[in-house]
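Text of final.cif, listed as mmCIF, C-alpha atoms and all ligand atoms:
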```cif
data_data
#
loop_
_atom_site.label_atom_id
_atom_site.label_comp_id
_atom_site.auth_asym_id
_atom_site.auth_seq_id
_atom_site.Cartn_x
_atom_site.Cartn_y
_atom_site.Cartn_z
CA MET A 1 0.00 0.00 0.00
CA SER A 2 2.84 2.40 0.79
CA SER A 3 4.39 2.21 -2.65
CA GLY A 4 2.37 3.89 -5.36
CA ARG A 5 -1.18 5.12 -5.30
CA ARG A 6 -4.02 3.26 -3.66
CA PRO A 7 -6.05 1.21 -6.15
CA GLU A 8 -9.23 3.01 -5.02
CA HIS A 9 -7.80 6.27 -6.36
CA GLN A 10 -6.98 4.88 -9.77
CA ALA A 11 -10.30 3.69 -11.17
CA PRO A 12 -13.69 2.29 -10.09
CA PRO A 13 -13.41 -1.33 -8.88
CA GLU A 14 -15.16 -2.84 -11.91
CA VAL A 15 -12.54 -1.12 -14.07
CA PHE A 16 -9.48 -1.60 -11.85
CA TYR A 17 -10.15 -5.34 -11.45
CA ASN A 18 -9.96 -6.10 -15.16
CA ASP A 19 -8.76 -9.35 -16.74
CA ASP A 20 -5.09 -8.50 -16.13
CA GLU A 21 -5.56 -7.60 -12.49
CA ALA A 22 -7.79 -10.66 -11.98
CA ARG A 23 -5.03 -12.92 -13.37
CA LYS A 24 -2.76 -11.84 -10.52
CA TYR A 25 -5.12 -13.57 -8.13
CA THR A 26 -4.23 -16.93 -9.67
CA LYS A 27 -0.63 -16.31 -10.70
CA ASN A 28 0.96 -14.14 -8.04
CA THR A 29 1.72 -16.47 -5.16
CA ARG A 30 2.57 -13.61 -2.81
CA ILE A 31 -0.85 -11.98 -3.28
CA MET A 32 -2.51 -15.36 -2.93
CA GLU A 33 -0.65 -16.14 0.28
CA ILE A 34 -1.51 -12.81 1.89
CA GLN A 35 -5.19 -13.08 0.97
CA GLU A 36 -5.27 -16.61 2.28
CA GLN A 37 -3.69 -15.63 5.60
CA LEU A 38 -6.21 -12.82 6.01
CA SER A 39 -9.03 -15.24 5.21
CA TYR A 40 -7.92 -17.71 7.88
CA ARG A 41 -7.72 -14.93 10.44
CA ALA A 42 -11.17 -13.63 9.48
CA MET A 43 -12.56 -17.14 9.77
CA GLU A 44 -11.02 -17.43 13.21
CA LEU A 45 -12.63 -14.12 14.21
CA LEU A 46 -16.01 -15.40 12.98
CA ARG A 47 -15.70 -18.25 15.50
CA LEU A 48 -17.56 -20.65 13.27
CA PRO A 49 -18.35 -23.98 14.89
CA GLU A 50 -15.79 -26.63 13.94
CA ASP A 51 -17.78 -29.57 12.61
CA ASP A 52 -20.97 -27.76 11.82
CA PRO A 53 -21.24 -26.71 8.17
CA CYS A 54 -22.37 -23.07 7.88
CA TYR A 55 -23.80 -20.96 5.06
CA ILE A 56 -21.54 -17.93 4.60
CA LEU A 57 -21.63 -14.78 2.46
CA ASP A 58 -18.28 -13.60 1.03
CA VAL A 59 -18.46 -9.86 0.27
CA GLY A 60 -16.14 -8.80 -2.58
CA CYS A 61 -15.21 -12.45 -3.08
CA GLY A 62 -13.05 -11.74 -6.13
CA SER A 63 -11.43 -14.86 -7.54
CA GLY A 64 -12.64 -16.98 -4.63
CA LEU A 65 -9.46 -17.26 -2.52
CA SER A 66 -11.30 -16.65 0.76
CA GLY A 67 -14.13 -18.88 -0.38
CA GLU A 68 -11.72 -21.75 -0.87
CA CYS A 69 -10.62 -21.42 2.75
CA LEU A 70 -14.28 -21.67 3.75
CA SER A 71 -14.79 -24.77 1.58
CA GLU A 72 -11.69 -26.36 3.02
CA ASN A 73 -13.24 -26.03 6.45
CA GLY A 74 -16.48 -27.64 5.33
CA HIS A 75 -18.60 -24.51 4.94
CA PHE A 76 -20.86 -23.53 2.04
CA TRP A 77 -20.76 -20.01 0.63
CA VAL A 78 -22.09 -17.45 -1.83
CA GLY A 79 -19.81 -14.70 -3.15
CA VAL A 80 -20.74 -11.27 -4.47
CA ASP A 81 -18.42 -8.99 -6.44
CA ILE A 82 -18.70 -6.03 -8.78
CA SER A 83 -15.95 -7.21 -11.14
CA LYS A 84 -16.94 -9.63 -13.86
CA SER A 85 -13.30 -10.41 -14.57
CA MET A 86 -12.69 -11.46 -10.98
CA LEU A 87 -15.80 -13.66 -10.95
CA ASP A 88 -14.83 -15.21 -14.27
CA VAL A 89 -11.50 -16.22 -12.76
CA ALA A 90 -13.35 -17.70 -9.78
CA GLY A 91 -15.51 -19.64 -12.24
CA GLU A 92 -12.46 -20.95 -14.09
CA ARG A 93 -10.95 -22.10 -10.82
CA GLU A 94 -14.12 -24.11 -10.20
CA VAL A 95 -14.72 -22.75 -6.73
CA GLU A 96 -17.49 -24.44 -4.83
CA GLY A 97 -19.54 -21.35 -3.95
CA ASP A 98 -22.12 -19.64 -6.16
CA LEU A 99 -21.13 -16.25 -7.60
CA ILE A 100 -23.22 -13.13 -8.07
CA LEU A 101 -22.38 -9.90 -9.88
CA ASN A 102 -23.49 -7.19 -7.44
CA ASP A 103 -22.45 -3.71 -6.37
CA ILE A 104 -22.62 -3.95 -2.57
CA GLY A 105 -23.19 -0.18 -2.40
CA GLN A 106 -26.54 -0.80 -4.11
CA GLY A 107 -27.49 -3.31 -1.41
CA LEU A 108 -27.26 -7.08 -1.05
CA PRO A 109 -30.06 -8.93 -2.91
CA PHE A 110 -30.90 -11.63 -0.36
CA LYS A 111 -33.97 -12.46 1.69
CA PRO A 112 -33.88 -11.96 5.48
CA ALA A 113 -31.77 -14.23 7.71
CA SER A 114 -30.20 -16.15 4.81
CA PHE A 115 -26.65 -16.43 6.14
CA ASP A 116 -24.97 -17.76 9.30
CA GLY A 117 -21.97 -15.46 8.93
CA VAL A 118 -20.22 -12.97 6.66
CA ILE A 119 -16.61 -12.67 5.62
CA SER A 120 -14.90 -9.99 3.51
CA ILE A 121 -11.24 -9.59 2.62
CA SER A 122 -9.66 -6.35 1.36
CA ALA A 123 -12.85 -5.05 -0.24
CA ILE A 124 -15.01 -2.63 1.72
CA GLN A 125 -12.56 0.31 1.68
CA TRP A 126 -13.77 0.69 -1.92
CA LEU A 127 -17.11 1.95 -0.61
CA CYS A 128 -15.43 5.01 0.92
CA ASN A 129 -14.84 6.47 -2.53
CA ALA A 130 -17.32 8.21 -4.80
CA ASP A 131 -16.60 6.63 -8.20
CA LYS A 132 -19.55 8.17 -9.97
CA SER A 133 -21.01 11.65 -9.67
CA HIS A 134 -24.18 10.27 -8.11
CA HIS A 135 -22.25 8.20 -5.53
CA ASN A 136 -22.53 9.24 -1.92
CA PRO A 137 -20.20 7.07 0.21
CA ALA A 138 -22.13 7.53 3.47
CA ARG A 139 -25.37 6.55 1.78
CA ARG A 140 -23.83 3.58 -0.05
CA LEU A 141 -22.22 2.32 3.15
CA LEU A 142 -25.52 2.56 5.02
CA LYS A 143 -27.34 0.72 2.23
CA PHE A 144 -24.67 -1.97 2.34
CA PHE A 145 -24.74 -2.42 6.12
CA SER A 146 -28.53 -2.30 6.48
CA THR A 147 -29.06 -4.94 3.79
CA LEU A 148 -26.19 -6.96 5.30
CA TYR A 149 -27.86 -6.82 8.71
CA ALA A 150 -31.13 -8.01 7.22
CA CYS A 151 -29.73 -11.03 5.37
CA LEU A 152 -27.75 -12.28 8.36
CA ARG A 153 -29.44 -14.49 10.93
CA ARG A 154 -29.93 -12.98 14.39
CA GLY A 155 -26.80 -13.47 16.47
CA GLY A 156 -24.75 -13.96 13.29
CA ARG A 157 -21.24 -12.52 13.03
CA VAL A 158 -19.30 -10.55 10.44
CA ALA A 159 -15.51 -10.35 10.04
CA MET A 160 -14.28 -7.92 7.41
CA GLN A 161 -10.62 -7.10 6.86
CA PHE A 162 -10.20 -3.76 5.12
CA TYR A 163 -7.66 -1.06 4.29
CA PRO A 164 -9.02 2.29 5.49
CA GLU A 165 -7.08 5.26 4.21
CA ASN A 166 -7.36 7.38 7.36
CA SER A 167 -9.17 7.65 10.68
CA GLU A 168 -12.11 9.50 9.07
CA GLN A 169 -12.81 6.46 6.93
CA ILE A 170 -12.69 4.15 9.96
CA GLN A 171 -15.10 6.51 11.70
CA LEU A 172 -17.44 6.63 8.71
CA VAL A 173 -17.50 2.87 8.20
CA THR A 174 -18.10 2.04 11.88
CA THR A 175 -20.72 4.78 12.30
CA GLN A 176 -22.72 3.48 9.32
CA ALA A 177 -22.46 -0.10 10.59
CA MET A 178 -23.82 0.89 14.02
CA LYS A 179 -26.59 2.96 12.39
CA ALA A 180 -27.67 -0.19 10.56
CA GLY A 181 -28.08 -1.96 13.89
CA PHE A 182 -24.82 -3.83 14.30
CA THR A 183 -22.79 -3.94 17.50
CA GLY A 184 -19.09 -4.76 17.66
CA GLY A 185 -16.13 -2.75 16.46
CA LEU A 186 -12.60 -2.74 15.19
CA VAL A 187 -10.03 -5.46 15.95
CA VAL A 188 -6.47 -4.45 15.12
CA ASP A 189 -3.79 -7.10 14.75
CA TYR A 190 -0.15 -6.05 15.38
CA PRO A 191 -0.99 -2.36 15.92
CA ASN A 192 2.69 -1.56 16.56
CA SER A 193 4.02 -2.96 13.33
CA SER A 194 3.52 -0.82 10.25
CA LYS A 195 4.00 -3.90 8.07
CA ALA A 196 1.93 -6.49 9.87
CA LYS A 197 -0.86 -4.21 11.10
CA LYS A 198 -4.25 -5.37 9.87
CA MET A 199 -7.74 -4.12 10.63
CA PHE A 200 -10.86 -6.22 10.96
CA LEU A 201 -14.34 -4.86 11.43
CA CYS A 202 -16.07 -7.44 13.65
CA LEU A 203 -19.83 -7.04 13.83
CA PHE A 204 -22.69 -8.81 15.56
CA ALA A 205 -26.27 -8.84 14.34
CA GLY A 206 -28.35 -8.71 17.51
CA GLY A 207 -28.74 -11.68 19.80
CA ALA A 208 -26.96 -12.02 23.12
CA GLN A 209 -24.26 -9.53 24.08
CA GLN A 210 -20.94 -10.64 22.56
CA GLU A 211 -17.42 -9.73 23.45
CA LEU A 212 -15.14 -8.30 20.77
CA PRO A 213 -12.20 -10.64 20.08
CA LYS A 214 -8.71 -9.38 21.01
CA GLY A 215 -6.27 -8.25 18.36
CA LEU A 216 -3.03 -10.18 17.97
CA GLY A 217 0.24 -8.73 19.24
CA THR A 218 -1.52 -6.25 21.51
CA GLU A 219 -0.07 -7.39 24.84
CA GLU A 220 1.65 -4.62 26.75
CA SER A 221 4.88 -5.86 25.27
CA SER A 222 7.98 -3.71 24.99
CA GLU A 223 9.13 -5.88 22.12
CA ALA A 224 6.53 -5.39 19.44
CA SER A 225 8.68 -7.22 16.92
CA ALA A 226 8.81 -10.30 19.14
CA ALA A 227 5.03 -10.33 19.16
CA PHE A 228 5.10 -10.04 15.39
CA VAL A 229 7.32 -13.09 14.92
CA ALA A 230 5.15 -15.06 17.32
CA GLY A 231 2.18 -13.98 15.23
CA ARG A 232 3.66 -15.27 12.01
CA GLU A 233 4.30 -18.62 13.63
CA ARG A 234 0.71 -18.57 14.79
CA THR A 235 -0.71 -18.03 11.31
CA LYS A 236 1.41 -20.91 10.10
CA LYS A 237 0.04 -23.09 12.86
CA LEU A 238 -3.53 -22.11 12.01
CA ARG A 239 -3.04 -23.13 8.41
CA ASN A 240 -1.35 -26.35 9.38
CA GLN A 241 -4.16 -27.38 11.66
CA LYS A 242 -5.79 -28.90 8.64
CA VAL A 243 -2.94 -30.14 6.50
CA LEU A 244 -0.03 -28.23 5.10
CA LYS A 245 -1.13 -26.82 1.77
CA LYS A 246 0.54 -28.22 -1.33
CA SER A 247 1.81 -31.14 0.74
CA LYS A 248 1.18 -34.61 -0.60
CA ASP A 249 -1.60 -35.17 1.97
CA TRP A 250 -3.24 -31.90 1.03
CA ILE A 251 -3.23 -32.71 -2.68
CA ILE A 252 -4.59 -36.19 -2.08
CA ALA A 253 -7.33 -34.81 0.17
CA LYS A 254 -8.26 -32.20 -2.42
CA LYS A 255 -8.32 -34.81 -5.18
CA GLU A 256 -10.51 -37.00 -3.01
CA ARG A 257 -12.94 -34.11 -2.49
CA ARG A 258 -13.08 -33.47 -6.22
CA ARG A 259 -13.61 -37.16 -6.95
CA ARG A 260 -16.53 -37.25 -4.54
CA GLN A 261 -17.97 -34.34 -6.49
CA GLY A 262 -17.65 -36.43 -9.61
CA LYS A 263 -15.00 -34.19 -11.16
CA GLU A 264 -12.28 -35.61 -13.33
CA VAL A 265 -9.11 -36.10 -11.33
CA ARG A 266 -5.78 -37.59 -12.30
CA PRO A 267 -5.02 -40.84 -10.46
CA ASP A 268 -2.57 -40.62 -7.55
CA SER A 269 0.91 -41.83 -8.34
CA LYS A 270 4.29 -41.90 -6.70
CA TYR A 271 4.82 -38.46 -8.23
CA THR A 272 1.78 -36.91 -6.54
CA GLY A 273 2.84 -33.91 -4.45
CA ARG A 274 6.52 -34.35 -5.28
CA LYS A 275 8.61 -31.25 -5.71
CA ARG A 276 9.47 -30.76 -9.38
CA LYS A 277 13.01 -30.01 -10.42
CA PRO A 278 13.31 -26.58 -11.95
CA ARG A 279 13.16 -26.83 -15.72
CA PHE A 280 14.89 -24.59 -18.21
CA MET B 281 -26.41 -20.66 -10.02
CA LYS B 282 -27.87 -23.36 -7.83
CA LEU B 283 -31.51 -23.42 -6.77
CA LEU B 284 -30.35 -22.93 -3.17
CA THR B 285 -29.02 -19.52 -4.19
CA HIS B 286 -32.19 -18.77 -6.16
CA ASN B 287 -34.13 -19.51 -2.97
CA MET B 288 -32.23 -16.73 -1.18
CA LEU B 289 -32.19 -14.11 -3.97
CA THR B 290 -34.56 -11.13 -4.12
CA SER B 291 -34.86 -8.03 -6.29
CA ASN B 292 -35.84 -5.78 -3.37
CA ILE B 293 -32.70 -3.69 -3.94
CA ILE B 294 -34.61 -2.01 -6.79
CA LYS B 295 -36.12 1.28 -5.68
CA GLY B 296 -39.84 0.85 -4.96
CA VAL B 297 -39.78 -2.95 -4.90
CA THR B 298 -40.98 -4.22 -1.52
CA LYS B 299 -40.47 -7.97 -1.58
CA GLY B 300 -39.04 -8.90 -4.96
CA TYR B 301 -39.45 -12.57 -4.12
CA PRO B 302 -39.38 -15.16 -5.55
CA LEU B 303 -37.61 -14.26 -8.78
CA LYS B 304 -39.09 -15.94 -11.83
CA ILE B 305 -36.71 -18.11 -13.79
CA GLU B 306 -36.40 -17.99 -17.58
CA CYS B 307 -34.08 -20.83 -18.27
CA GLN B 308 -32.07 -21.38 -21.43
CA GLN B 309 -29.43 -23.81 -20.24
CA ILE B 310 -29.17 -26.12 -17.25
CA GLU B 311 -26.27 -28.23 -16.11
CA ILE B 312 -26.25 -30.99 -13.54
CA VAL B 313 -23.08 -30.81 -11.47
CA GLU B 314 -21.80 -33.19 -8.84
CA THR B 315 -21.51 -31.71 -5.37
CA GLU B 316 -20.68 -33.29 -2.09
CA PHE B 317 -23.65 -34.70 -0.17
CA ASN B 318 -23.68 -33.19 3.32
CA LYS B 319 -26.59 -34.29 5.48
CA GLU B 320 -25.89 -31.93 8.39
CA PHE B 321 -25.81 -28.96 6.06
CA LEU B 322 -29.07 -29.92 4.36
CA GLU B 323 -30.82 -30.42 7.68
CA LYS B 324 -29.60 -27.07 8.84
CA MET B 325 -30.82 -25.35 5.67
CA ILE B 326 -34.36 -26.80 5.67
CA PRO B 327 -35.78 -24.20 8.09
CA LYS B 328 -34.08 -21.43 6.09
CA ILE B 329 -35.35 -22.28 2.65
CA ASP B 330 -38.81 -21.50 1.33
CA TYR B 331 -39.79 -25.04 0.42
CA GLY B 332 -42.76 -24.06 -1.73
CA VAL B 333 -40.60 -21.69 -3.76
CA LEU B 334 -37.98 -24.41 -4.19
CA CYS B 335 -40.51 -26.94 -5.51
CA ARG B 336 -42.11 -24.46 -7.88
CA ALA B 337 -38.72 -23.38 -9.24
CA ALA B 338 -37.60 -26.98 -9.74
CA ASP B 339 -40.91 -27.92 -11.33
CA GLN B 340 -40.84 -24.92 -13.65
CA ILE B 341 -37.46 -25.89 -15.05
CA GLY B 342 -38.41 -29.56 -15.25
CA HIS B 343 -36.17 -30.93 -12.51
CA LEU B 344 -38.53 -31.57 -9.60
CA GLY B 345 -38.04 -35.34 -9.96
CA ASP B 346 -39.18 -37.20 -6.84
CA LEU B 347 -38.99 -34.28 -4.46
CA PRO B 348 -42.31 -34.22 -2.52
CA LYS B 349 -44.28 -31.03 -3.08
CA VAL B 350 -45.05 -30.76 0.62
CA LEU B 351 -42.23 -30.76 3.15
CA PRO B 352 -42.36 -34.04 5.10
CA GLU B 353 -42.44 -34.16 8.91
CA THR B 354 -38.99 -33.98 10.47
CA SER B 355 -39.27 -37.64 11.46
CA ASP B 356 -39.75 -38.56 7.80
CA TYR B 357 -36.49 -37.08 6.56
CA ASN B 358 -35.35 -40.39 5.16
CA GLU B 359 -32.35 -40.98 2.96
CA GLU B 360 -34.37 -40.83 -0.24
CA PHE B 361 -35.80 -37.42 0.63
CA MET B 362 -32.38 -36.04 1.61
CA LYS B 363 -30.85 -37.25 -1.66
CA GLU B 364 -33.60 -35.58 -3.68
CA LEU B 365 -33.30 -32.39 -1.67
CA HIS B 366 -29.54 -32.40 -2.25
CA ARG B 367 -30.04 -32.87 -5.97
CA VAL B 368 -32.54 -30.04 -6.31
CA LEU B 369 -30.74 -27.57 -4.02
CA LEU B 370 -27.12 -28.17 -5.00
CA LYS B 371 -26.83 -30.14 -8.24
CA VAL B 372 -29.17 -28.39 -10.66
CA GLU B 373 -27.36 -25.32 -12.02
CA ILE B 374 -28.87 -22.56 -14.11
CA LYS B 375 -26.18 -21.67 -16.62
CA GLU B 376 -27.92 -19.29 -19.00
CA GLY B 377 -31.19 -17.42 -18.73
CA ASN B 378 -32.88 -14.60 -16.83
CA LEU B 379 -34.18 -13.94 -13.34
CA VAL B 380 -37.28 -11.77 -13.45
CA CYS B 381 -38.44 -9.38 -10.73
CA PRO B 382 -42.03 -10.42 -9.84
CA GLU B 383 -43.06 -6.80 -9.21
CA THR B 384 -41.48 -4.83 -12.04
CA GLY B 385 -40.65 -7.43 -14.68
CA ARG B 386 -37.03 -6.24 -14.67
CA LYS B 387 -34.79 -8.99 -16.04
CA PHE B 388 -31.46 -9.93 -14.50
CA PRO B 389 -29.43 -11.96 -17.00
CA VAL B 390 -27.64 -15.11 -15.89
CA SER B 391 -24.60 -15.82 -17.99
CA ASN B 392 -22.12 -18.61 -17.48
CA GLY B 393 -23.93 -19.41 -14.24
CA ILE B 394 -23.46 -15.91 -12.80
CA PRO B 395 -26.56 -13.74 -12.22
CA ASN B 396 -25.97 -10.06 -12.96
CA MET B 397 -27.75 -8.11 -10.22
CA LEU B 398 -26.19 -4.72 -11.07
CA LEU B 399 -28.72 -1.87 -11.15
CA ASN B 400 -28.83 1.27 -13.27
CA GLU B 401 -28.52 4.62 -11.58
CA GLU B 402 -32.29 5.28 -11.80
CA GLU B 403 -33.13 1.96 -10.14
CA VAL B 404 -31.14 2.60 -6.94
C1 LIG C 1 -8.37 -6.75 -3.24
S1 LIG C 1 -9.69 -7.60 -4.02
C2 LIG C 1 -9.92 -8.95 -2.91
C3 LIG C 1 -10.65 -10.11 -3.48
C4 LIG C 1 -10.85 -11.30 -2.54
N1 LIG C 1 -11.67 -10.92 -1.38
C5 LIG C 1 -9.52 -11.84 -2.09
O1 LIG C 1 -9.19 -11.70 -0.91
O2 LIG C 1 -8.81 -12.40 -2.91
C6 LIG C 1 -11.08 -6.53 -3.71
C7 LIG C 1 -12.39 -6.98 -4.37
O3 LIG C 1 -13.45 -6.13 -3.95
C8 LIG C 1 -14.34 -5.98 -5.03
N2 LIG C 1 -15.18 -4.77 -4.88
C9 LIG C 1 -14.78 -3.50 -4.79
N3 LIG C 1 -15.84 -2.66 -4.72
C10 LIG C 1 -16.95 -3.43 -4.74
C11 LIG C 1 -18.36 -3.15 -4.72
N4 LIG C 1 -18.83 -1.91 -4.66
N5 LIG C 1 -19.22 -4.20 -4.76
C12 LIG C 1 -18.75 -5.48 -4.84
N6 LIG C 1 -17.44 -5.80 -4.88
C13 LIG C 1 -16.54 -4.79 -4.83
C14 LIG C 1 -13.41 -5.89 -6.22
O4 LIG C 1 -14.06 -6.12 -7.44
C15 LIG C 1 -12.36 -6.93 -5.88
O5 LIG C 1 -12.64 -8.19 -6.42
#
```
Mind turning the file's structure into structure tokens?
Amino acid sequence: MSSGRRPEHQAPPEVFYNDDEARKYTKNTRIMEIQEQLSYRAMELLRLPEDDPCYILDVGCGSGLSGECLSENGHFWVGVDISKSMLDVAGEREVEGDLILNDIGQGLPFKPASFDGVISISAIQWLCNADKSHHNPARRLLKFFSTLYACLRRGGRVAMQFYPENSEQIQLVTTQAMKAGFTGGLVVDYPNSSKAKKMFLCLFAGGAQQELPKGLGTEESSEASAAFVAGRERTKKLRNQKVLKKSKDWIIAKKERRRRQGKEVRPDSKYTGRKRKPRF
Amino acid sequence: MKLLTHNMLTSNIIKGVTKGYPLKIECQQIEIVETEFNKEFLEKMIPKIDYGVLCRAADQIGHLGDLPKVLPETSDYNEEFMKELHRVLLKVEIKEGNLVCPETGRKFPVSNGIPNMLLNEEEV
């Protein structure tokens, strides 16, 4: 974010996330890894029950990276996004969730109490900008949050990681969320590290009083960097709780899932999951 | 788009539309896809879906099959019923066609399985 201009200042999202940009979400392993880490953390903040499959909405789902994390944990999901290119990539990757082309600032088109939870990764800061002359960010945010509140079941939770540009934007986003009826607030991971700092808007839709989760690396520690390293180890551990991605076991498990879905899968062999030698 | 998603979708984001539910389906292409059978998930979704809307949608596109038109008693959720429910909710995919707002007639095109719910400026 620090190098170059923010994407939100360059073009509207449906223009910025064109075919080229969408490609990055399948080719650029660094982007994919970051988005995946954020998704796991958001899922943790949602506190979804372990062996109970839930029905989740992914807001600004893009190419389906966060959705795949949900599928891997046995949940079912629907994704909405304003960029056709991003959704087309998600389609090509054969993600398990259904995809809908929707501008969340126009409201979410779902009947009341449809979803058990909501996740969103690196998307809602886009609503803080007026991309068209008739756009009013405060109004679009309120429309988004009030329709979000309606389509979530009572007591349901929301975990949305976003990149606000300044404190006014944080203020605006949280104010509109509360106006729509949500409780909750901001959870900041690694607030003392400019690099690792991440913000999550954690919201609750009615139901019993709920406590806001704690941010990571927030202990009154004089060594912020130590907390940061511990945090990286933690994310690794979270991912490994299932099986290490790209490991042989992971590939076999994924193939098994696909087979059960009746998809064509190459048979396992002694080469499955083996590291390839670099080729020239 | 699966019929489960259709069961959740409304057009009430259009200005002046109050319910926008259920959306009518104009279907040009259907695909049957394999998806994992998950009994717990199906059981959990039954109270959330509008069963009548599901049956009418499936019937309209010719894929009702053996799904009973009236939701059985909880004690009668046998394997056969769950399999049929799974098929109708998660295996029948609308690939090409339109979703039509029941109040305004506004059409939302579905292309390559993705419904386009974007509104024009005047509709917001
Ligand atoms: C940085 S990408 C992240 C995609 C995905 N969540 C991930 O983590 O890989 C941000 C996404 O937000 C979507 N987006 C931005 N503004 C939106 C809006 N008004 N309505 C729906 N989606 C929007 C963009 O199209 C883009 O796919």
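Excluding Cys61 in chain A itself and any same-chain residue fewer than 2 positions from it, the protein and nucleic acid residues within 9 Å of it, counting all atoms listed in the file, are Leu57, Asp58, Val59, Ser63, Gly64, Leu65, Ser66, Gly67, Val78, Gly79, Val80, Asp81, Met86, Leu87, Ala90, Leu99, Ile119, Ser120, Ile121 and Ala123 of chain A.
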What residues in chain B have any atom no more than 10 Å from chain A when counting all atoms listed in the file, and can you write them as an NGL selection string?
:B and (281-282 or 284-295 or 299-302 or 313-322 or 324-325 or 328-329 or 370-371 or 373 or 390 or 392-401 or 403-404)
Residues near Met362 in chain B, anyone? I mean within 10 Å using all atoms listed in the file, not counting same-chain ones fewer than 3 positions away, as an MDAnalysis selection string.
chainID B and resid 317:319 322:323 347 356:359 365:368
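Atom to atom, CA of Pro348 in chain B and CA of Gly332 in chain B stand 10.2 Å apart.
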Hey, what's within 12 Å of range 305-307 of chain B if we count all atoms listed in the file and toss same-chain stuff fewer than 4 positions away? As a compact mmCIF listing (two decimals) with C-alpha atoms, in the coordinates of the input, please?
```txt
# COMPACT_ATOMS: atom_id res chain seq x y z
CA MET B 281 -26.41 -20.66 -10.02
CA LYS B 282 -27.87 -23.36 -7.83
CA LEU B 283 -31.51 -23.42 -6.77
CA HIS B 286 -32.19 -18.77 -6.16
CA ASN B 287 -34.13 -19.51 -2.97
CA LEU B 289 -32.19 -14.11 -3.97
CA TYR B 301 -39.45 -12.57 -4.12
CA GLU B 311 -26.27 -28.23 -16.11
CA VAL B 333 -40.60 -21.69 -3.76
CA LEU B 334 -37.98 -24.41 -4.19
CA ARG B 336 -42.11 -24.46 -7.88
CA ALA B 337 -38.72 -23.38 -9.24
CA ALA B 338 -37.60 -26.98 -9.74
CA ASP B 339 -40.91 -27.92 -11.33
CA GLN B 340 -40.84 -24.92 -13.65
CA ILE B 341 -37.46 -25.89 -15.05
CA GLY B 342 -38.41 -29.56 -15.25
CA HIS B 343 -36.17 -30.93 -12.51
CA VAL B 372 -29.17 -28.39 -10.66
CA GLU B 373 -27.36 -25.32 -12.02
CA ILE B 374 -28.87 -22.56 -14.11
CA LYS B 375 -26.18 -21.67 -16.62
CA GLU B 376 -27.92 -19.29 -19.00
CA GLY B 377 -31.19 -17.42 -18.73
CA ASN B 378 -32.88 -14.60 -16.83
CA LEU B 379 -34.18 -13.94 -13.34
CA VAL B 380 -37.28 -11.77 -13.45
CA CYS B 381 -38.44 -9.38 -10.73
CA PRO B 382 -42.03 -10.42 -9.84
CA GLY B 385 -40.65 -7.43 -14.68
CA ARG B 386 -37.03 -6.24 -14.67
CA LYS B 387 -34.79 -8.99 -16.04
CA PHE B 388 -31.46 -9.93 -14.50
CA PRO B 389 -29.43 -11.96 -17.00
CA VAL B 390 -27.64 -15.11 -15.89
CA SER B 391 -24.60 -15.82 -17.99
CA GLY B 393 -23.93 -19.41 -14.24
CA PRO B 395 -26.56 -13.74 -12.22
```
Using only C-alpha atoms, the residue out of A:Ala22, A:Met43, A:Ala130, A:Leu48 with shortest distance to Arg93 in chain A is A:Ala22
As an exercise, work out the distance from CA of Asn136 in chain A to CA of Phe182 in chain A in Å and give it to one decimal place.
21.0 Å
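Note that the spacing between atom N1 of ligand LIG 1 (chain C) and CA of Val297 in chain B amounts to 29.4 Å.
Comparing the minimum interatomic distances between ligand LIG 1 (chain C) and each of A:Pro164, A:Gly62, A:Gly181, A:Pro49, counting only C-alpha atoms and all ligand atoms, we find that A:Gly62 sits nearest.
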Do you know which residues are at most 10 Å from Arg23 in chain A counting all atoms listed in the file, after dropping those on the same chain fewer than 5 positions away, and could you put them as an MDAnalysis selection string?
chainID A and resid 17:18 28 63 85:86 89
